>>> print(open('start29.cif').read())   # mmCIF, C-alpha atoms
data_model
#
loop_
_atom_site.label_atom_id
_atom_site.label_comp_id
_atom_site.auth_asym_id
_atom_site.auth_seq_id
_atom_site.Cartn_x
_atom_site.Cartn_y
_atom_site.Cartn_z
CA MET A 1 -127.44 -1.52 25.43
CA SER A 2 -124.18 -0.03 26.69
CA THR A 3 -121.17 -2.20 27.49
CA PRO A 4 -120.72 -2.75 31.27
CA GLN A 5 -117.74 -0.85 32.66
CA HIS A 6 -115.65 -1.78 35.66
CA GLU A 7 -115.81 0.79 38.41
CA SER A 8 -112.13 1.62 37.98
CA GLY A 9 -112.50 2.13 34.24
CA PRO A 10 -110.98 0.21 31.33
CA SER A 11 -107.36 1.06 32.13
CA GLY A 12 -107.84 0.22 35.79
CA LEU A 13 -109.45 -3.09 34.93
CA LEU A 14 -106.59 -4.01 32.61
CA ALA A 15 -104.14 -3.23 35.39
CA GLU A 16 -106.07 -5.36 37.89
CA VAL A 17 -106.28 -8.37 35.59
CA SER A 18 -102.65 -7.99 34.54
CA GLU A 19 -101.57 -7.86 38.19
CA ALA A 20 -103.51 -11.04 38.90
CA VAL A 21 -102.04 -12.92 35.95
CA GLU A 22 -98.51 -11.65 36.64
CA GLY A 23 -98.88 -12.82 40.22
CA VAL A 24 -99.29 -16.49 39.25
CA ASP A 25 -96.16 -18.54 39.99
CA LEU A 26 -96.39 -20.67 36.87
CA VAL A 27 -95.94 -24.43 36.68
CA ASP A 28 -94.55 -25.28 33.25
CA HIS A 29 -95.96 -28.78 33.09
CA HIS A 30 -94.21 -29.78 29.85
CA VAL A 31 -90.81 -28.39 28.94
CA HIS A 32 -87.29 -29.44 27.99
CA SER A 33 -83.91 -28.22 29.19
CA VAL A 34 -81.58 -25.62 27.69
CA LEU A 35 -78.35 -25.83 25.73
CA ALA A 36 -75.18 -25.29 27.71
CA ASP A 37 -73.07 -23.94 24.84
CA ASP A 38 -72.95 -20.57 23.09
CA LEU A 39 -74.79 -20.34 19.79
CA ASN A 40 -73.77 -18.45 16.69
CA ARG A 41 -76.38 -16.88 14.42
CA GLU A 42 -76.93 -20.01 12.32
CA ALA A 43 -77.18 -22.32 15.34
CA PHE A 44 -79.55 -19.98 17.16
CA GLU A 45 -81.85 -19.74 14.17
CA GLU A 46 -81.98 -23.54 14.01
CA VAL A 47 -83.17 -23.67 17.62
CA ILE A 48 -86.05 -21.19 17.18
CA THR A 49 -87.85 -23.15 14.47
CA GLU A 50 -89.44 -26.59 14.48
CA SER A 51 -88.10 -27.28 11.00
CA ASP A 52 -84.85 -29.20 10.56
CA ARG A 53 -84.37 -27.82 7.04
CA ALA A 54 -82.08 -24.96 6.07
CA PRO A 55 -84.00 -21.69 5.62
CA ALA A 56 -85.01 -20.73 2.11
CA PRO A 57 -82.47 -18.46 0.41
CA GLY A 58 -82.83 -14.90 1.61
CA SER A 59 -84.98 -15.86 4.61
CA SER A 60 -84.34 -15.98 8.35
CA SER A 61 -85.97 -17.65 11.34
CA PHE A 62 -85.99 -14.21 12.93
CA ASP A 63 -88.56 -13.12 10.34
CA SER A 64 -91.38 -14.95 12.09
CA GLN A 65 -93.73 -14.40 15.00
CA VAL A 66 -91.36 -16.16 17.37
CA GLY A 67 -88.36 -14.23 16.02
CA PHE A 68 -90.10 -10.89 16.48
CA ALA A 69 -91.22 -11.91 19.97
CA ILE A 70 -87.65 -12.80 20.97
CA ARG A 71 -86.41 -9.39 19.80
CA ARG A 72 -89.23 -7.64 21.67
CA TRP A 73 -89.44 -9.52 24.97
CA CYS A 74 -86.06 -11.20 25.45
CA ALA A 75 -83.78 -8.40 24.29
CA PRO A 76 -84.45 -6.21 27.39
CA VAL A 77 -83.57 -9.13 29.69
CA LEU A 78 -80.13 -9.11 28.01
CA ASP A 79 -79.81 -5.30 28.45
CA LEU A 80 -80.74 -4.53 24.84
CA PRO A 81 -83.50 -2.20 23.66
CA PRO A 82 -86.77 -3.81 22.56
CA HIS A 83 -86.70 -4.91 18.92
CA ALA A 84 -82.90 -5.05 18.78
CA ASP A 85 -81.82 -6.32 15.37
CA PRO A 86 -80.88 -10.02 15.08
CA THR A 87 -77.16 -9.45 14.60
CA THR A 88 -76.95 -7.31 17.72
CA TYR A 89 -79.08 -9.77 19.64
CA VAL A 90 -76.94 -12.82 18.86
CA ALA A 91 -73.74 -10.86 19.52
CA ARG A 92 -75.03 -9.91 22.95
CA ARG A 93 -75.88 -13.54 23.71
CA ILE A 94 -72.32 -14.55 22.88
CA GLU A 95 -70.89 -11.66 24.89
CA LEU A 96 -72.81 -12.67 28.01
CA GLY A 97 -72.17 -16.39 27.54
CA ALA A 98 -74.65 -19.24 27.63
CA ALA A 99 -74.65 -19.64 31.41
CA GLU A 100 -75.58 -16.01 32.03
CA VAL A 101 -78.14 -15.93 29.22
CA ASN A 102 -79.78 -19.06 30.61
CA ARG A 103 -79.77 -17.71 34.15
CA ARG A 104 -81.31 -14.37 33.21
CA LEU A 105 -84.03 -15.64 30.93
CA LEU A 106 -85.05 -18.61 33.07
CA ARG A 107 -85.29 -16.52 36.23
CA ALA A 108 -87.13 -13.68 34.52
CA SER A 109 -89.87 -16.04 33.35
CA GLY A 110 -91.70 -16.30 36.67
CA ILE A 111 -91.90 -20.07 36.25
CA GLU A 112 -91.92 -21.61 39.71
CA HIS A 113 -91.63 -25.30 38.82
CA SER A 114 -90.69 -27.05 35.57
CA LEU A 115 -91.73 -30.60 34.64
CA VAL A 116 -89.05 -31.66 32.21
CA ASP A 117 -89.18 -34.21 29.40
CA THR A 118 -85.61 -35.51 29.51
CA GLY A 119 -85.93 -37.82 26.50
CA PHE A 120 -85.06 -35.61 23.53
CA LYS A 121 -81.39 -34.92 22.76
CA GLY A 122 -80.73 -34.73 26.47
CA GLU A 123 -77.00 -35.18 26.03
CA ALA A 124 -76.76 -31.65 24.58
CA LEU A 125 -78.75 -30.03 27.38
CA LEU A 126 -78.29 -29.15 31.04
CA ASP A 127 -79.31 -32.07 33.26
CA LEU A 128 -82.07 -31.57 35.82
CA PRO A 129 -79.84 -30.44 38.72
CA ALA A 130 -78.03 -27.97 36.44
CA LEU A 131 -81.31 -26.67 35.05
CA ALA A 132 -82.68 -26.23 38.58
CA HIS A 133 -79.51 -24.33 39.51
CA ALA A 134 -79.74 -22.05 36.47
CA SER A 135 -83.43 -21.30 37.01
CA GLY A 136 -83.30 -21.16 40.79
CA ARG A 137 -86.47 -23.25 40.87
CA PRO A 138 -87.33 -26.96 41.26
CA CYS A 139 -87.41 -29.24 38.23
CA SER A 140 -89.07 -32.65 38.06
CA GLU A 141 -88.72 -35.39 35.47
CA VAL A 142 -91.31 -36.51 32.93
CA ILE A 143 -90.35 -39.90 31.45
CA ARG A 144 -90.47 -40.28 27.68
CA LEU A 145 -91.88 -43.77 27.19
CA GLU A 146 -90.43 -44.45 23.75
CA GLY A 147 -86.98 -43.46 24.97
CA LEU A 148 -87.26 -45.81 27.92
CA ALA A 149 -88.23 -48.68 25.60
CA GLU A 150 -85.34 -47.88 23.27
CA ASP A 151 -82.93 -47.97 26.21
CA VAL A 152 -84.27 -51.38 27.21
CA VAL A 153 -83.97 -52.94 23.77
CA SER A 154 -80.54 -51.38 23.20
CA ALA A 155 -79.36 -53.03 26.41
CA GLY A 156 -80.08 -56.39 24.82
CA GLU A 157 -82.82 -57.54 27.17
CA PRO A 158 -84.46 -60.70 25.77
CA ALA A 159 -87.85 -60.27 24.14
CA GLY A 160 -89.58 -62.27 26.84
CA ARG A 161 -88.33 -59.85 29.49
CA PHE A 162 -89.03 -56.65 27.55
CA ALA A 163 -92.45 -55.84 29.06
CA ASP A 164 -91.39 -56.59 32.63
CA VAL A 165 -88.17 -54.58 32.36
CA VAL A 166 -90.01 -51.57 30.94
CA ARG A 167 -92.49 -51.71 33.84
CA GLU A 168 -89.69 -52.14 36.38
CA ARG A 169 -87.66 -49.21 35.06
CA LEU A 170 -90.73 -47.04 34.84
CA ALA A 171 -91.67 -47.77 38.45
CA ALA A 172 -88.12 -47.15 39.63
CA ARG A 173 -87.96 -43.71 38.01
CA ILE A 174 -91.33 -42.73 39.45
CA ASP A 175 -90.15 -43.89 42.88
CA ALA A 176 -87.09 -41.68 42.33
CA GLY A 177 -89.28 -38.61 41.78
CA ALA A 178 -90.56 -38.56 38.19
CA VAL A 179 -94.03 -36.99 38.16
CA GLY A 180 -95.38 -38.05 34.77
CA THR A 181 -94.87 -39.98 31.55
CA LYS A 182 -94.99 -38.82 27.95
CA SER A 183 -95.56 -40.49 24.59
CA ILE A 184 -94.59 -39.35 21.11
CA ALA A 185 -96.82 -41.92 19.42
CA ALA A 186 -97.89 -39.19 16.99
CA TYR A 187 -94.35 -39.22 15.57
CA ARG A 188 -93.90 -42.97 15.55
CA CYS A 189 -97.10 -44.53 14.25
CA GLY A 190 -99.71 -41.80 14.49
CA LEU A 191 -102.48 -41.49 17.05
CA ALA A 192 -104.71 -44.13 15.42
CA PHE A 193 -102.76 -46.85 17.25
CA PRO A 194 -104.54 -50.00 18.55
CA THR A 195 -106.70 -49.02 21.52
CA ASP A 196 -106.92 -52.42 23.20
CA ARG A 197 -104.32 -53.32 25.79
CA PRO A 198 -101.94 -55.75 24.02
CA SER A 199 -101.19 -59.08 25.63
CA ASP A 200 -97.71 -59.77 26.95
CA ALA A 201 -97.41 -62.46 24.26
CA ALA A 202 -98.09 -59.88 21.55
CA VAL A 203 -95.57 -57.50 23.13
CA THR A 204 -92.98 -60.28 23.30
CA GLY A 205 -93.51 -61.05 19.61
CA SER A 206 -93.10 -57.41 18.59
CA ALA A 207 -90.05 -57.01 20.82
CA GLY A 208 -88.52 -60.13 19.28
CA ARG A 209 -88.95 -58.75 15.77
CA TRP A 210 -87.43 -55.45 16.91
CA LEU A 211 -84.40 -57.21 18.38
CA LYS A 212 -83.88 -59.18 15.16
CA ALA A 213 -84.06 -55.95 13.16
CA LEU A 214 -81.47 -54.40 15.49
CA ASP A 215 -79.17 -57.39 15.01
CA ALA A 216 -79.49 -56.82 11.25
CA GLY A 217 -78.42 -53.19 11.62
CA GLY A 218 -81.81 -51.58 12.20
CA ARG A 219 -82.51 -48.55 14.38
CA ALA A 220 -83.44 -48.60 18.05
CA ARG A 221 -86.61 -46.66 17.26
CA ALA A 222 -89.87 -47.63 18.94
CA ASP A 223 -92.48 -47.34 16.19
CA ASP A 224 -94.29 -50.70 16.18
CA PRO A 225 -98.00 -49.99 16.91
CA THR A 226 -98.28 -52.92 19.32
CA LEU A 227 -95.29 -51.70 21.32
CA ILE A 228 -96.60 -48.13 21.27
CA ALA A 229 -99.95 -49.34 22.63
CA PHE A 230 -98.11 -51.31 25.33
CA LEU A 231 -96.12 -48.23 26.34
CA LEU A 232 -99.23 -46.07 26.56
CA TRP A 233 -100.98 -48.61 28.74
CA ALA A 234 -97.85 -48.90 30.88
CA GLY A 235 -98.08 -45.14 31.34
CA ILE A 236 -101.73 -45.42 32.34
CA ASP A 237 -100.92 -48.21 34.82
CA ALA A 238 -98.12 -46.13 36.37
CA GLY A 239 -100.76 -43.88 37.90
CA VAL A 240 -99.04 -40.56 37.14
CA PRO A 241 -100.31 -38.24 34.38
CA LEU A 242 -99.68 -39.48 30.85
CA GLN A 243 -98.79 -36.74 28.37
CA ILE A 244 -99.39 -37.40 24.66
CA HIS A 245 -98.03 -35.19 21.90
CA THR A 246 -100.76 -33.97 19.58
CA GLY A 247 -100.84 -31.35 16.83
CA PHE A 248 -97.94 -29.10 15.84
CA GLY A 249 -94.42 -30.49 15.86
CA ASP A 250 -91.25 -30.81 13.83
CA THR A 251 -90.72 -32.24 10.34
CA ASP A 252 -90.64 -35.84 11.63
CA LEU A 253 -94.39 -35.53 12.18
CA HIS A 254 -97.31 -36.13 9.81
CA LEU A 255 -99.77 -33.56 11.16
CA ALA A 256 -102.88 -35.35 9.90
CA ARG A 257 -101.98 -38.33 12.12
CA ALA A 258 -101.60 -36.07 15.18
CA ASN A 259 -105.20 -34.90 15.53
CA PRO A 260 -106.25 -35.52 19.14
CA LEU A 261 -109.67 -36.73 17.97
CA LEU A 262 -107.87 -39.93 16.95
CA LEU A 263 -107.46 -40.59 20.69
CA THR A 264 -111.20 -40.76 21.33
CA ASN A 265 -111.33 -44.55 21.68
CA PHE A 266 -108.18 -44.57 23.83
CA LEU A 267 -109.77 -42.03 26.16
CA ARG A 268 -112.91 -44.17 26.36
CA ALA A 269 -110.84 -47.25 27.17
CA THR A 270 -108.70 -45.54 29.81
CA GLU A 271 -111.40 -43.54 31.57
CA PRO A 272 -111.96 -46.20 34.29
CA SER A 273 -108.28 -45.93 35.30
CA GLY A 274 -108.66 -42.33 36.44
CA THR A 275 -105.10 -41.61 35.25
CA PRO A 276 -104.98 -38.08 33.80
CA VAL A 277 -104.26 -38.02 30.06
CA VAL A 278 -102.83 -34.67 29.00
CA LEU A 279 -103.00 -33.66 25.34
CA LEU A 280 -99.94 -31.57 24.57
CA HIS A 281 -99.73 -28.58 22.20
CA CYS A 282 -102.84 -29.50 20.19
CA TYR A 283 -102.60 -26.55 17.74
CA PRO A 284 -104.21 -26.31 15.21
CA PHE A 285 -106.53 -28.86 16.81
CA HIS A 286 -106.95 -27.04 20.13
CA ARG A 287 -110.70 -26.76 19.67
CA GLU A 288 -110.90 -30.52 19.11
CA ALA A 289 -108.85 -31.00 22.28
CA GLY A 290 -111.24 -28.72 24.16
CA TYR A 291 -114.13 -30.92 23.07
CA LEU A 292 -112.37 -34.07 24.33
CA CYS A 293 -111.64 -32.42 27.66
CA GLN A 294 -115.29 -31.53 28.11
CA MET A 295 -116.34 -35.11 27.30
CA PHE A 296 -113.83 -37.12 29.34
CA PRO A 297 -113.19 -36.41 33.03
CA HIS A 298 -109.57 -37.62 32.88
CA ALA A 299 -108.60 -35.59 29.77
CA TYR A 300 -106.59 -32.36 30.02
CA PHE A 301 -104.82 -30.17 27.47
CA ASP A 302 -102.52 -27.23 26.80
CA VAL A 303 -101.66 -25.09 23.80
CA GLY A 304 -97.97 -25.36 24.64
CA GLU A 305 -95.47 -24.46 21.98
CA ALA A 306 -98.13 -22.81 19.80
CA VAL A 307 -98.01 -19.83 22.16
CA ASN A 308 -94.33 -19.26 21.34
CA TYR A 309 -94.57 -19.88 17.63
CA THR A 310 -97.65 -17.73 17.09
CA GLY A 311 -96.09 -14.81 18.95
CA ALA A 312 -98.30 -11.72 18.83
CA GLN A 313 -101.12 -13.92 17.50
CA SER A 314 -100.96 -16.14 20.58
CA ARG A 315 -103.71 -13.97 22.04
CA ARG A 316 -106.07 -15.55 19.56
CA VAL A 317 -104.87 -19.10 20.29
CA VAL A 318 -105.20 -18.68 24.05
CA ALA A 319 -108.63 -17.06 23.69
CA GLU A 320 -109.79 -19.98 21.54
CA SER A 321 -108.49 -22.44 24.11
CA LEU A 322 -110.91 -20.88 26.60
CA GLU A 323 -113.97 -21.58 24.46
CA LEU A 324 -115.19 -25.07 25.36
CA ALA A 325 -112.94 -26.98 27.74
CA PRO A 326 -113.64 -26.65 31.48
CA PHE A 327 -111.09 -24.36 33.09
CA ALA A 328 -110.00 -27.06 35.52
CA LYS A 329 -108.86 -29.14 32.51
CA GLN A 330 -106.34 -26.67 31.02
CA LEU A 331 -102.65 -26.26 31.84
CA PHE A 332 -99.78 -23.93 31.04
CA SER A 333 -96.68 -25.15 29.23
CA SER A 334 -93.99 -23.65 27.04
CA ASP A 335 -92.59 -26.86 25.49
CA ALA A 336 -89.37 -24.87 25.27
CA TRP A 337 -86.26 -26.72 24.10
CA GLY A 338 -82.68 -25.55 23.78
CA ALA A 339 -82.94 -21.76 23.83
CA ALA A 340 -83.84 -20.20 27.18
CA GLU A 341 -85.65 -17.52 25.17
CA LEU A 342 -88.41 -20.04 24.54
CA HIS A 343 -88.84 -20.69 28.27
CA HIS A 344 -89.11 -16.96 28.95
CA LEU A 345 -91.36 -16.27 25.98
CA GLY A 346 -93.71 -19.11 26.82
CA ALA A 347 -94.47 -17.36 30.11
CA VAL A 348 -94.51 -13.79 28.81
CA LEU A 349 -96.75 -14.49 25.84
CA TRP A 350 -99.12 -16.68 27.83
CA ARG A 351 -99.50 -14.00 30.50
CA ARG A 352 -100.16 -11.32 27.88
CA ALA A 353 -102.65 -13.47 26.00
CA MET A 354 -104.47 -14.52 29.17
CA THR A 355 -104.62 -10.93 30.40
CA ALA A 356 -106.11 -9.77 27.10
CA ALA A 357 -108.74 -12.52 27.05
CA LEU A 358 -109.77 -12.19 30.69
CA THR A 359 -109.90 -8.39 30.56
CA GLY A 360 -112.29 -8.62 27.63
CA PHE A 361 -114.55 -11.05 29.49
CA VAL A 362 -114.68 -8.87 32.62
CA ALA A 363 -115.09 -5.60 30.72
CA ALA A 364 -118.09 -7.03 28.85
CA GLY A 365 -119.70 -8.02 32.14
CA ASP A 366 -119.53 -11.73 31.28
CA TRP A 367 -117.11 -12.62 34.07
CA SER A 368 -116.39 -11.23 37.50
CA LEU A 369 -112.89 -10.04 38.28
CA GLU A 370 -112.63 -12.66 41.00
CA ASP A 371 -113.49 -15.44 38.53
CA ALA A 372 -110.84 -14.12 36.14
CA ARG A 373 -108.23 -14.24 38.89
CA ARG A 374 -109.26 -17.77 39.86
CA VAL A 375 -109.14 -19.12 36.30
CA ALA A 376 -105.70 -17.59 35.67
CA THR A 377 -104.39 -19.31 38.79
CA LEU A 378 -105.99 -22.64 37.87
CA ILE A 379 -104.57 -22.75 34.35
CA GLY A 380 -101.23 -21.20 35.20
CA ALA A 381 -100.42 -23.43 38.14
CA GLY A 382 -103.27 -24.89 40.18
CA ASN A 383 -104.38 -27.60 37.78
CA ALA A 384 -100.82 -28.85 37.29
CA ARG A 385 -100.14 -28.86 41.03
CA ARG A 386 -103.29 -30.92 41.55
CA ILE A 387 -102.91 -33.59 38.87
CA TYR A 388 -99.12 -33.99 39.23
CA ARG A 389 -99.43 -33.90 43.04
CA LEU A 390 -96.98 -31.08 43.47
CA GLY A 391 -98.66 -29.49 46.47
CA SER A 392 -96.25 -30.92 49.01
CA GLN A 393 -93.32 -29.40 47.11
CA HIS A 394 -94.49 -25.79 47.57
#
>>> encode(input="start29.cif", output="structure tokens")
Amino acid sequence: MSTPQHESGPSGLLAEVSEAVEGVDLVDHHVHSVLADDLNREAFEEVITESDRAPAPGSSSFDSQVGFAIRRWCAPVLDLPPHADPTTYVARRIELGAAEVNRRLLRASGIEHSLVDTGFKGEALLDLPALAHASGRPCSEVIRLEGLAEDVVSAGEPAGRFADVVRERLAARIDAGAVGTKSIAAYRCGLAFPTDRPSDAAVTGSAGRWLKALDAGGRARADDPTLIAFLLWAGIDAGVPLQIHTGFGDTDLHLARANPLLLTNFLRATEPSGTPVVLLHCYPFHREAGYLCQMFPHAYFDVGEAVNYTGAQSRRVVAESLELAPFAKQLFSSDAWGAAELHHLGAVLWRRAMTAALTGFVAAGDWSLEDARRVATLIGAGNARRIYRLGSQH
């Protein structure tokens, strides 16, 4: 049997799908801000890897999928030829200056609205108003729950007030415009945390032990499983989407403890709430995440930073993300941090990967062109606008 052909031919079909995908004003539903300062070669290479270790002798972060993608897709935005060598690329960044590099790359991305996790090394990054100015687009806050708890305990609130103060601060920031919450439980205790909602007495006891440890010179680091469970339930109760880091991350993570399947019981327990739970990044567990999103009506996912770090191979990752999960349960994100290149690449590589996957479906006769257009819009923006209630802001 011959393969169905679109009436405009293969090249015409590719152009039609590409035009549809390029036309989506993306909502980057999980991202961080950008660095305000210029970066030399060493500093830039540190920003484009998830590792916090020095590169092996004779190696470079540029010799990776993300490094090659930066040289291919970001170099032209800085008036360099595609595939400019790393030395030339970094020199051009410094010549233009951080403000201009940020402005060009952020605005070239086609990202219409960014939902920004402000809880990771925020002091080194542009704040939300400055990021909105650089990008020319609105930015909304996503509250990192562990950071909020660490701020509360560092302020010396008594243990008996810890739970109430966390809830009060969370509500105040949502009233001020925050559109979601986020947990890094995967980094702190792993995703096999206690599923049951902890009592306030249990939270008070854990907070008291944490305060005593701080008094003895300990770190203000929220990693007690009871407190993590409390924070996650506080996020559920807040009624805005709760993002949870799963899968790929930096060297502070034990990947085996970040498999989203470990959240199965939590998803069962929280289903009656109706609060959307968004599984972030997921790679290499994106198929597992797709399964969870088919099973649970309030579960959503993205492949986030994996798109950047797999570069030319992101086509495969995005195609695999389309296998099982309903299309209304998937979202676009870049998870970019620090370098504006990662914001731009997240959009460019996702668009290219989505175009390749959808063109294949339509060319084979499995999908209609109209369905391909609709799914690209849902994943690129529509689903995020719906669950984060962004419609009134557009």
>>> closest_residue(input="start29.cif", among="A:Phe120, A:Val240, A:Thr246, A:Leu214", to="A:Gly190", atoms="all atoms listed in the file")
A:Thr246
>>> atom_distance(input="start29.cif", atom1="atom CA of A:Arg316", atom2="atom CA of A:Ala192")
28.9 Å
>>> resolve_selection(input="start29.cif", expression="the PyMOL selection byres ((chain A and resi 311) around 7)", output="list in words")
Gln65, Val66, Ala69, Val307, Asn308, Tyr309, Thr310, Ala312, Gln313, Ser314 and Leu349 of chain A
>>> resolve_selection(input="start29.cif", expression="the PyMOL selection byres ((chain A and resi 292) around 9)", output="ChimeraX atom specification")
/A:260-261,263-264,267,287-291,293-296,299-300,325
>>> resolve_selection(input="start29.cif", expression="the PyMOL selection byres ((chain A and resi 72-87) around 8)", output="list in words")
Arg41, Phe62, Phe68, Ala69, Ile70, Arg71, Thr88, Tyr89, Val90, Ala91, Arg92, Arg93, Val101, Arg104, Leu105, Ala108, Glu341, His344, Leu345 and Val348 of chain A
>>> residues_around(input="start29.cif", residues="A:Gly338", least_positions_apart="5", cutoff="8 Å", atoms="only C-alpha atoms", output="JSON, numbers by chain")
{"A": [32, 33, 34, 35, 47, 125]}
>>> atom_distance(input="start29.cif", atom1="atom CA of A:Ala339", atom2="atom CA of A:His113")
17.7 Å
>>> decode(input="start29.cif", residues="stretch 366-389 of chain A", atoms="C-alpha atoms", output="CSV table (one decimal), in the first residue's frame")
chain,number,residue,atom,x,y,z
A,366,ASP,CA,-2.6,9.2,10.5
A,367,TRP,CA,-3.5,12.7,11.4
A,368,SER,CA,-5.3,15.6,9.6
A,369,LEU,CA,-3.4,18.8,9.1
A,370,GLU,CA,-6.1,20.6,11.2
A,371,ASP,CA,-5.5,18.2,14.1
A,372,ALA,CA,-1.8,18.8,13.9
A,373,ARG,CA,-2.3,22.5,14.1
A,374,ARG,CA,-4.6,22.1,17.1
A,375,VAL,CA,-2.3,19.9,19.0
A,376,ALA,CA,0.7,22.2,18.5
A,377,THR,CA,-1.4,25.1,19.8
A,378,LEU,CA,-2.6,23.1,22.8
A,379,ILE,CA,0.9,22.0,23.9
A,380,GLY,CA,2.7,25.2,23.0
A,381,ALA,CA,0.3,27.5,24.8
A,382,GLY,CA,-3.3,26.5,25.2
A,383,ASN,CA,-3.0,24.0,28.0
A,384,ALA,CA,-0.8,26.3,30.0
A,385,ARG,CA,-3.2,29.2,29.5
A,386,ARG,CA,-6.1,27.0,30.7
A,387,ILE,CA,-4.6,25.4,33.8
A,388,TYR,CA,-2.7,28.5,35.0
A,389,ARG,CA,-5.8,30.7,34.2
